[in-house]
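Q: Dropping a structure here in structure tokens format, bear with me for questions.
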Amino acid sequence: MEDNFKVFISYSWDNDEHKIWVRNLADKLINDGIEVLLDQYDLKIGKSILQFAELSIENSDRVIVVFTPNYLSKATHKKGGVGYEYSIITQEIYNNQTEKLRFIPILIGGEAKKCIPLFMQQYIYIDFNDADKFDKNYENLIRDLYGEYEDVKPQKGKKPIFTTKNFTTIDNVISDDLYSTIVELSMLSNPKGDTPKEDRIKINLQIEKIGHELELHEILKLANSESNQNKVAAGICLKSKIKTSKIDYGSDIQVQEFITRELSNDSVYVRYKIVQVINESNILLDILINELKIRQKVEKGPLTQKELQKAIKSYVLKGISNEVSLKSNVQTLISEGKTELALEKLISFFDNRNDEIQKDFLLLSSTLSDNSRNFRLGLVEESQIQITKNRINFAILEIINKV
């Protein structure tokens, strides 16, 4: 906690007894090292109540809201300082739904439904109704302010050792049945199957380790099958064969047909493996330059080999070849007001491709759903729905422009 950490207490002037209770709470917080903003301390004769409330909420790190039946009544009917303070509080919550909540609801003087506005009832509050439990509840409050919680999440330990389904390994490969072994391995490496991700990585490494031993006609047999997994295995084997041999198999007409055909495959994973093969073969690289006219797709002049490979990889992975780009689809959906559908497509597209970007779109989708639900419950106005939607649209475009 920083030295200038401040807490503002929002409450209603129910009666003298309640004001004393709030004052005692503030005194106790100050005694425990918290700087408190409270009207009883800081609001003097001649000062604006509304300005004090607005500046106190704005300049505070946390805001304690003391809910009572009278507070509920004033907040609901937008009366006095409480009504103004609560309007600021709810607006900030709407505008910052994905950020940590600054507000700490506490309850005294009755049950929650008679003290706390409906919208705020969704948040965990501290119940100070039982005077005998004051010390324990106060400890929970001060711990929350300092971030020193009683129930501490343990540190993440090491991953346990799991037993997985048996699959063929390099150690038990039968040399005269190498093709069948790779087909079996490729089936187990399917991202949509039951094999754990770490095991799939190991399987692909095994395919690469033994792939160069396959005859070229066997690799092409894999390449010409209907299974994308077999095509991926063919790409891995071909990459391994080119990498470990003095012969550039990119000169083979059937290999060239396989490469150019699968550059338009619907699966980004297949296209990615094809790019890896291209990067191992100067012949395939030259063919692709002519086929896709990569030089016309970049703003620079002549590129180095490394820059050109990067351009090819970017070109293929973004799915530009022989298909409408994702970015164009998303921009069209947003212009038509179909933000939800745009997010569905993006979440689906980045599944198993980029977990971090997918999480960003999942968070935006959750925010949009929450906002729509709040509108149906009458908690937000239609204008606020559109403001939030516009912000989400902007965030979507900003993310996809960086991909």
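FYI, nothing fancy with the structure tokens labels: chains A, B, ... in order, residues from 1 per chain, ligands from 1 as they appear.
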Please tabulate, as JSON lines, the residues of segment 32-93 of chain A that come within 12 Å of segment 119-138 of chain A, each with its closest pair of atoms and the distance in Å to one decimal, counting only C-alpha atoms and ordering rows by chain, then residue number upward.
A:
{"residue": "A:Asp32", "atom": "CA", "partner": "A:Tyr138", "partner_atom": "CA", "distance": 11.1}
{"residue": "A:Ile64", "atom": "CA", "partner": "A:Tyr125", "partner_atom": "CA", "distance": 10.2}
{"residue": "A:Val65", "atom": "CA", "partner": "A:Tyr125", "partner_atom": "CA", "distance": 9.6}
{"residue": "A:Val66", "atom": "CA", "partner": "A:Phe128", "partner_atom": "CA", "distance": 9.6}
{"residue": "A:Phe67", "atom": "CA", "partner": "A:Tyr125", "partner_atom": "CA", "distance": 9.6}
{"residue": "A:Thr68", "atom": "CA", "partner": "A:Asn129", "partner_atom": "CA", "distance": 10.2}
{"residue": "A:Leu72", "atom": "CA", "partner": "A:Met120", "partner_atom": "CA", "distance": 10.5}
{"residue": "A:Ala75", "atom": "CA", "partner": "A:Met120", "partner_atom": "CA", "distance": 11.3}
{"residue": "A:Thr76", "atom": "CA", "partner": "A:Phe119", "partner_atom": "CA", "distance": 10.8}
{"residue": "A:Tyr86", "atom": "CA", "partner": "A:Met120", "partner_atom": "CA", "distance": 10.4}
{"residue": "A:Ser87", "atom": "CA", "partner": "A:Phe119", "partner_atom": "CA", "distance": 11.9}
{"residue": "A:Ile89", "atom": "CA", "partner": "A:Met120", "partner_atom": "CA", "distance": 10.1}
{"residue": "A:Thr90", "atom": "CA", "partner": "A:Phe119", "partner_atom": "CA", "distance": 8.5}
{"residue": "A:Gln91", "atom": "CA", "partner": "A:Phe119", "partner_atom": "CA", "distance": 11.5}
{"residue": "A:Ile93", "atom": "CA", "partner": "A:Met120", "partner_atom": "CA", "distance": 9.8}
Q: Give the helix (DSSP H, G or I) residues of segment 95-290 of chain A, as assigned by DSSP on the backbone, as number ranges by chain.
A: A: 95, 112-115, 118-122, 131-146, 170-172, 175-188, 197-211, 216-223, 228-244, 249-251, 253-262, 268-278, 282-290
Q: Can I get the selection written as a CSV table (one decimal), in the first residue's frame, with C-alpha atoms?
A:
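The new file part-v4.csv reads:
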chain,number,residue,atom,x,y,z
A,95,ASN,CA,-17.6,2.3,-16.9
A,112,ALA,CA,-29.5,-6.5,2.7
A,113,LYS,CA,-32.7,-6.2,0.6
A,114,LYS,CA,-33.9,-3.4,2.8
A,115,CYS,CA,-30.6,-1.5,2.8
A,118,LEU,CA,-30.7,-4.0,-6.1
A,119,PHE,CA,-27.7,-3.4,-8.4
A,120,MET,CA,-25.2,-3.4,-5.5
A,121,GLN,CA,-26.6,-6.6,-4.0
A,122,GLN,CA,-24.5,-8.7,-6.5
A,131,ALA,CA,-22.3,-5.8,17.5
A,132,ASP,CA,-20.7,-8.9,19.1
A,133,LYS,CA,-19.0,-9.7,15.7
A,134,PHE,CA,-17.7,-6.1,15.2
A,135,ASP,CA,-14.1,-6.9,15.8
A,136,LYS,CA,-14.0,-9.9,13.4
A,137,ASN,CA,-15.9,-7.9,10.7
A,138,TYR,CA,-13.6,-4.9,11.2
A,139,GLU,CA,-10.6,-7.2,10.8
A,140,ASN,CA,-12.0,-8.4,7.5
A,141,LEU,CA,-12.3,-4.8,6.4
A,142,ILE,CA,-8.9,-3.7,7.4
A,143,ARG,CA,-7.3,-6.8,5.8
A,144,ASP,CA,-9.1,-6.0,2.6
A,145,LEU,CA,-7.8,-2.5,2.6
A,146,TYR,CA,-4.2,-3.6,3.1
A,170,ILE,CA,10.6,-43.9,-31.3
A,171,ASP,CA,11.9,-46.7,-29.2
A,172,ASN,CA,9.5,-49.3,-30.5
A,175,SER,CA,11.4,-50.2,-39.5
A,176,ASP,CA,9.4,-52.0,-42.1
A,177,ASP,CA,6.1,-50.4,-40.9
A,178,LEU,CA,7.3,-46.8,-40.5
A,179,TYR,CA,4.4,-45.4,-42.5
A,180,SER,CA,1.7,-47.0,-40.3
A,181,THR,CA,3.6,-45.8,-37.2
A,182,ILE,CA,3.5,-42.2,-38.5
A,183,VAL,CA,-0.2,-42.5,-39.4
A,184,GLU,CA,-0.9,-43.7,-35.8
A,185,LEU,CA,1.1,-40.9,-34.3
A,186,SER,CA,-0.6,-38.3,-36.5
A,187,MET,CA,-4.0,-39.5,-35.3
A,188,LEU,CA,-3.0,-39.1,-31.7
A,197,LYS,CA,-1.2,-30.8,-25.5
A,198,GLU,CA,2.3,-31.6,-24.1
A,199,ASP,CA,2.0,-35.2,-25.4
A,200,ARG,CA,0.9,-33.8,-28.8
A,201,ILE,CA,4.1,-31.7,-28.9
A,202,LYS,CA,6.2,-34.8,-28.1
A,203,ILE,CA,4.4,-36.8,-30.8
A,204,ASN,CA,5.1,-34.2,-33.5
A,205,LEU,CA,8.8,-34.2,-32.4
A,206,GLN,CA,8.8,-38.0,-32.8
A,207,ILE,CA,7.3,-37.7,-36.3
A,208,GLU,CA,10.0,-35.2,-37.2
A,209,LYS,CA,12.7,-37.4,-35.7
A,210,ILE,CA,11.7,-40.4,-37.9
A,211,GLY,CA,10.0,-38.6,-40.8
A,216,LEU,CA,9.1,-39.7,-50.7
A,217,HIS,CA,6.2,-41.6,-52.2
A,218,GLU,CA,5.0,-42.5,-48.7
A,219,ILE,CA,5.1,-38.9,-47.7
A,220,LEU,CA,3.1,-38.0,-50.7
A,221,LYS,CA,0.6,-40.7,-49.8
A,222,LEU,CA,0.1,-39.0,-46.5
A,223,ALA,CA,-0.1,-35.6,-48.3
A,228,ASN,CA,-5.6,-32.8,-42.2
A,229,GLN,CA,-3.7,-34.6,-39.5
A,230,ASN,CA,-2.0,-36.8,-42.2
A,231,LYS,CA,-1.3,-33.6,-44.2
A,232,VAL,CA,0.4,-32.1,-41.1
A,233,ALA,CA,2.4,-35.3,-40.6
A,234,ALA,CA,3.4,-35.1,-44.3
A,235,GLY,CA,4.6,-31.6,-43.8
A,236,ILE,CA,6.6,-32.5,-40.8
A,237,CYS,CA,8.2,-35.5,-42.6
A,238,LEU,CA,8.9,-33.4,-45.7
A,239,LYS,CA,10.5,-30.7,-43.6
A,240,SER,CA,12.7,-33.2,-41.8
A,241,LYS,CA,13.7,-34.9,-45.1
A,242,ILE,CA,14.7,-31.6,-46.7
A,243,LYS,CA,16.5,-30.5,-43.6
A,244,THR,CA,18.6,-33.7,-43.2
A,249,TYR,CA,12.9,-32.4,-52.6
A,250,GLY,CA,11.1,-29.1,-53.4
A,251,SER,CA,12.1,-29.9,-57.1
A,253,ILE,CA,6.4,-31.8,-59.1
A,254,GLN,CA,4.1,-33.7,-56.7
A,255,VAL,CA,5.7,-31.9,-53.7
A,256,GLN,CA,5.1,-28.6,-55.4
A,257,GLU,CA,1.5,-29.5,-56.1
A,258,PHE,CA,1.0,-30.5,-52.4
A,259,ILE,CA,2.6,-27.2,-51.1
A,260,THR,CA,0.6,-24.9,-53.4
A,261,ARG,CA,-2.6,-26.8,-52.8
A,262,GLU,CA,-2.4,-26.8,-49.0
A,268,VAL,CA,-4.3,-22.6,-40.2
A,269,TYR,CA,-2.4,-25.4,-38.5
A,270,VAL,CA,-1.9,-27.1,-41.9
A,271,ARG,CA,-0.9,-23.8,-43.5
A,272,TYR,CA,1.6,-23.2,-40.7
A,273,LYS,CA,3.3,-26.6,-41.3
A,274,ILE,CA,3.4,-25.9,-45.0
A,275,VAL,CA,5.3,-22.6,-44.3
A,276,GLN,CA,7.8,-24.5,-42.2
A,277,VAL,CA,8.5,-26.8,-45.2
A,278,ILE,CA,8.8,-23.8,-47.6
A,282,ASN,CA,15.0,-22.6,-51.7
A,283,ILE,CA,13.2,-24.1,-54.6
A,284,LEU,CA,9.8,-24.0,-52.9
A,285,LEU,CA,10.6,-20.5,-51.7
A,286,ASP,CA,11.2,-19.3,-55.2
A,287,ILE,CA,8.0,-21.0,-56.5
A,288,LEU,CA,6.0,-19.4,-53.8
A,289,ILE,CA,7.4,-16.0,-54.6
A,290,ASN,CA,6.2,-16.4,-58.2
Q: When you draw a straight line from atom CA of Ser245 of chain A to atom CA of Glu280 of chain A, how long is it in Å?
A: 10.8 Å
Q: Fewer than 5 positions away in the same chain doesn't count, so skip those; otherwise give me all residues within 7 Å of Val82 of chain A, counting only C-alpha atoms, as a list of chain:residue names.
A: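 Answer for this query is A:Tyr11, A:Ser12, A:Tyr71, A:Lys74, A:Ala75.
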Q: What's the 12 Å shell around Leu333 of chain A, counting only C-alpha atoms, without same-chain residues fewer than 5 positions away, as a ChimeraX atom specification?
A: /A:326-328,338-346,393,396-397
Q: Limited to N, CA, C and O atoms, could you put the picked residues into a file as a tab-separated table (two decimals), in the first residue's frame?
A:
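So selection.tsv came out as:
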chain	number	residue	atom	x	y	z
A	326	LEU	N	-10.12	-12.47	-42.26
A	326	LEU	CA	-10.88	-12.38	-41.01
A	326	LEU	C	-11.14	-10.93	-40.64
A	326	LEU	O	-12.24	-10.57	-40.22
A	327	LYS	N	-10.12	-10.10	-40.82
A	327	LYS	CA	-10.25	-8.69	-40.44
A	327	LYS	C	-11.40	-8.03	-41.20
A	327	LYS	O	-12.20	-7.29	-40.63
A	328	SER	N	-11.49	-8.31	-42.49
A	328	SER	CA	-12.54	-7.72	-43.32
A	328	SER	C	-13.91	-8.19	-42.85
A	328	SER	O	-14.86	-7.40	-42.77
A	338	LYS	N	-23.33	-5.98	-35.55
A	338	LYS	CA	-23.35	-7.37	-35.10
A	338	LYS	C	-22.10	-7.69	-34.28
A	338	LYS	O	-21.31	-8.58	-34.62
A	339	THR	N	-21.91	-6.93	-33.20
A	339	THR	CA	-20.71	-7.10	-32.37
A	339	THR	C	-20.65	-8.50	-31.77
A	339	THR	O	-19.57	-9.11	-31.70
A	340	GLU	N	-21.78	-9.02	-31.31
A	340	GLU	CA	-21.79	-10.35	-30.68
A	340	GLU	C	-21.31	-11.42	-31.66
A	340	GLU	O	-20.50	-12.28	-31.30
A	341	LEU	N	-21.79	-11.36	-32.91
A	341	LEU	CA	-21.39	-12.34	-33.92
A	341	LEU	C	-19.90	-12.20	-34.25
A	341	LEU	O	-19.20	-13.19	-34.45
A	342	ALA	N	-19.42	-10.95	-34.30
A	342	ALA	CA	-17.99	-10.71	-34.57
A	342	ALA	C	-17.13	-11.35	-33.49
A	342	ALA	O	-16.11	-11.99	-33.79
A	343	LEU	N	-17.55	-11.20	-32.24
A	343	LEU	CA	-16.79	-11.78	-31.12
A	343	LEU	C	-16.83	-13.31	-31.18
A	343	LEU	O	-15.83	-13.98	-30.89
A	344	GLU	N	-17.97	-13.88	-31.55
A	344	GLU	CA	-18.06	-15.34	-31.67
A	344	GLU	C	-17.07	-15.86	-32.71
A	344	GLU	O	-16.39	-16.87	-32.49
A	345	LYS	N	-16.99	-15.18	-33.85
A	345	LYS	CA	-16.06	-15.60	-34.91
A	345	LYS	C	-14.61	-15.49	-34.44
A	345	LYS	O	-13.78	-16.36	-34.71
A	346	LEU	N	-14.29	-14.40	-33.73
A	346	LEU	CA	-12.92	-14.19	-33.28
A	346	LEU	C	-12.52	-15.22	-32.22
A	346	LEU	O	-11.41	-15.75	-32.24
A	393	ASN	N	-16.31	-2.33	-29.64
A	393	ASN	CA	-15.98	-2.34	-31.07
A	393	ASN	C	-14.60	-1.77	-31.32
A	393	ASN	O	-13.81	-2.30	-32.10
A	396	ILE	N	-11.98	-4.26	-30.21
A	396	ILE	CA	-11.87	-5.36	-31.17
A	396	ILE	C	-10.97	-4.97	-32.34
A	396	ILE	O	-10.04	-5.69	-32.71
A	397	LEU	N	-11.28	-3.81	-32.93
A	397	LEU	CA	-10.51	-3.35	-34.09
A	397	LEU	C	-9.05	-3.10	-33.73
A	397	LEU	O	-8.13	-3.37	-34.53
Q: Segment 34-41 of chain A: which residues within 12 Å, counting only C-alpha atoms, same-chain residues fewer than 6 positions away excluded, as a PyMOL selection string?
A: chain A and resi 1-13+16+19-28+47-65+81-82+141-146
Q: Write out the residues from the selection above, keeping N, CA and C atoms, as a short mmCIF file (atom, residue, chain, number, x, y, z; two decimals), in the first residue's frame.
A:
data_model
loop_
_atom_site.label_atom_id
_atom_site.label_comp_id
_atom_site.auth_asym_id
_atom_site.auth_seq_id
_atom_site.Cartn_x
_atom_site.Cartn_y
_atom_site.Cartn_z
N MET A 1 0.84 -1.20 0.00
CA MET A 1 0.00 0.00 0.00
C MET A 1 0.87 1.25 0.00
N GLU A 2 0.50 2.25 -0.84
CA GLU A 2 1.27 3.49 -0.90
C GLU A 2 0.99 4.36 0.32
N ASP A 3 1.94 5.27 0.62
CA ASP A 3 1.80 6.13 1.81
C ASP A 3 0.61 7.08 1.70
N ASN A 4 0.24 7.48 0.48
CA ASN A 4 -0.87 8.42 0.30
C ASN A 4 -2.20 7.72 0.01
N PHE A 5 -2.29 6.44 0.39
CA PHE A 5 -3.52 5.66 0.20
C PHE A 5 -4.67 6.30 0.98
N LYS A 6 -5.79 6.57 0.29
CA LYS A 6 -6.93 7.26 0.92
C LYS A 6 -8.20 6.43 0.80
N VAL A 7 -9.05 6.55 1.81
CA VAL A 7 -10.35 5.88 1.83
C VAL A 7 -11.43 6.92 2.13
N PHE A 8 -12.47 6.94 1.32
CA PHE A 8 -13.62 7.82 1.55
C PHE A 8 -14.78 6.99 2.08
N ILE A 9 -15.50 7.52 3.07
CA ILE A 9 -16.67 6.82 3.61
C ILE A 9 -17.92 7.54 3.17
N SER A 10 -18.77 6.83 2.41
CA SER A 10 -20.05 7.35 1.95
C SER A 10 -21.14 6.78 2.86
N TYR A 11 -21.94 7.64 3.46
CA TYR A 11 -22.99 7.19 4.38
C TYR A 11 -24.11 8.23 4.42
N SER A 12 -25.22 7.88 5.03
CA SER A 12 -26.34 8.82 5.17
C SER A 12 -26.44 9.28 6.63
N TRP A 13 -26.89 10.51 6.81
CA TRP A 13 -27.03 11.05 8.18
C TRP A 13 -28.37 10.58 8.76
N ASP A 16 -28.06 10.82 15.08
CA ASP A 16 -26.79 11.08 15.78
C ASP A 16 -26.07 9.79 16.12
N LYS A 19 -24.27 8.56 13.06
CA LYS A 19 -23.11 9.41 12.74
C LYS A 19 -21.94 9.10 13.67
N ILE A 20 -22.25 8.83 14.93
CA ILE A 20 -21.18 8.48 15.89
C ILE A 20 -20.56 7.13 15.52
N TRP A 21 -21.42 6.19 15.09
CA TRP A 21 -20.91 4.86 14.70
C TRP A 21 -19.93 4.98 13.54
N VAL A 22 -20.31 5.78 12.54
CA VAL A 22 -19.44 5.99 11.37
C VAL A 22 -18.16 6.70 11.79
N ARG A 23 -18.29 7.70 12.67
CA ARG A 23 -17.11 8.44 13.14
C ARG A 23 -16.15 7.50 13.89
N ASN A 24 -16.70 6.62 14.71
CA ASN A 24 -15.84 5.67 15.44
C ASN A 24 -15.13 4.71 14.48
N LEU A 25 -15.84 4.30 13.41
CA LEU A 25 -15.22 3.44 12.41
C LEU A 25 -14.06 4.17 11.73
N ALA A 26 -14.28 5.43 11.38
CA ALA A 26 -13.23 6.22 10.73
C ALA A 26 -12.03 6.40 11.66
N ASP A 27 -12.31 6.69 12.95
CA ASP A 27 -11.22 6.87 13.93
C ASP A 27 -10.37 5.60 14.03
N LYS A 28 -11.05 4.47 14.03
CA LYS A 28 -10.34 3.20 14.16
C LYS A 28 -9.46 2.94 12.93
N LYS A 47 -18.55 25.09 2.56
CA LYS A 47 -18.07 24.22 1.48
C LYS A 47 -19.24 23.54 0.79
N SER A 48 -19.04 23.20 -0.48
CA SER A 48 -20.08 22.52 -1.27
C SER A 48 -20.10 21.03 -0.93
N ILE A 49 -21.29 20.55 -0.53
CA ILE A 49 -21.43 19.13 -0.21
C ILE A 49 -21.19 18.27 -1.46
N LEU A 50 -21.77 18.68 -2.60
CA LEU A 50 -21.65 17.88 -3.82
C LEU A 50 -20.22 17.86 -4.34
N GLN A 51 -19.55 19.02 -4.27
CA GLN A 51 -18.16 19.06 -4.72
C GLN A 51 -17.27 18.21 -3.83
N PHE A 52 -17.54 18.26 -2.52
CA PHE A 52 -16.77 17.44 -1.59
C PHE A 52 -16.94 15.95 -1.90
N ALA A 53 -18.19 15.56 -2.15
CA ALA A 53 -18.46 14.14 -2.46
C ALA A 53 -17.74 13.73 -3.73
N GLU A 54 -17.86 14.54 -4.78
CA GLU A 54 -17.26 14.19 -6.07
C GLU A 54 -15.74 14.09 -5.98
N LEU A 55 -15.10 15.08 -5.37
CA LEU A 55 -13.64 15.08 -5.26
C LEU A 55 -13.15 13.96 -4.35
N SER A 56 -13.91 13.67 -3.28
CA SER A 56 -13.49 12.62 -2.34
C SER A 56 -13.49 11.26 -3.03
N ILE A 57 -14.55 10.98 -3.82
CA ILE A 57 -14.62 9.71 -4.54
C ILE A 57 -13.51 9.64 -5.59
N GLU A 58 -13.30 10.75 -6.29
CA GLU A 58 -12.28 10.79 -7.35
C GLU A 58 -10.87 10.60 -6.79
N ASN A 59 -10.59 11.19 -5.63
CA ASN A 59 -9.22 11.19 -5.08
C ASN A 59 -8.94 10.03 -4.13
N SER A 60 -9.93 9.17 -3.92
CA SER A 60 -9.74 8.05 -2.99
C SER A 60 -9.35 6.78 -3.73
N ASP A 61 -8.57 5.94 -3.07
CA ASP A 61 -8.21 4.65 -3.64
C ASP A 61 -9.33 3.64 -3.45
N ARG A 62 -10.00 3.70 -2.31
CA ARG A 62 -11.15 2.83 -2.02
C ARG A 62 -12.27 3.68 -1.42
N VAL A 63 -13.49 3.22 -1.59
CA VAL A 63 -14.66 3.92 -1.04
C VAL A 63 -15.48 2.91 -0.24
N ILE A 64 -15.66 3.19 1.05
CA ILE A 64 -16.51 2.37 1.91
C ILE A 64 -17.92 2.96 1.85
N VAL A 65 -18.90 2.13 1.46
CA VAL A 65 -20.28 2.58 1.38
C VAL A 65 -21.07 1.92 2.51
N GLY A 81 -26.83 14.55 -0.71
CA GLY A 81 -25.46 14.13 -0.99
C GLY A 81 -25.34 12.65 -1.28
N VAL A 82 -26.14 11.84 -0.55
CA VAL A 82 -26.11 10.40 -0.76
C VAL A 82 -26.53 10.05 -2.19
N LEU A 141 -12.41 -6.05 7.13
CA LEU A 141 -12.35 -4.78 6.41
C LEU A 141 -10.92 -4.26 6.28
N ILE A 142 -10.21 -4.22 7.39
CA ILE A 142 -8.85 -3.67 7.38
C ILE A 142 -7.91 -4.57 6.58
N ARG A 143 -8.14 -5.87 6.65
CA ARG A 143 -7.32 -6.80 5.84
C ARG A 143 -7.54 -6.54 4.35
N ASP A 144 -8.80 -6.30 3.96
CA ASP A 144 -9.10 -6.04 2.55
C ASP A 144 -8.43 -4.76 2.08
N LEU A 145 -8.44 -3.74 2.91
CA LEU A 145 -7.81 -2.46 2.55
C LEU A 145 -6.30 -2.62 2.36
N TYR A 146 -5.68 -3.42 3.20
CA TYR A 146 -4.23 -3.62 3.10
C TYR A 146 -3.85 -4.76 2.17
#
Q: From the set A:Ile334, A:Leu377, A:Leu107, A:Tyr149, which residue has the shortest atom-to-atom contact distance to Ala395 of chain A, counting only C-alpha atoms?
A: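 Closest candidate: A:Ile334.
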Q: If I take atom CA of Lys246 of chain A and atom CA of Ser264 of chain A, how far is one from the other in Å, to one decimal?
A: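 If I compute the distance from atom CA of Lys246 of chain A to atom CA of Ser264 of chain A, I get 28.8 Å.
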Q: Kindly give the distance, in Å, that separates atom CA of Phe349 of chain A and atom CA of Ile392 of chain A, rounded to a single decimal.
A: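 These two atoms are separated by 18.0 Å.
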Q: Return the single residue from A:Ile30, A:Asn329, A:Ile116, A:Ser281 that is closest to Pro69 of chain A, with distances computed using only C-alpha atoms.
A: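 Nearest candidate to Pro69 of chain A out of A:Ile30, A:Asn329, A:Ile116, A:Ser281: A:Ile116.
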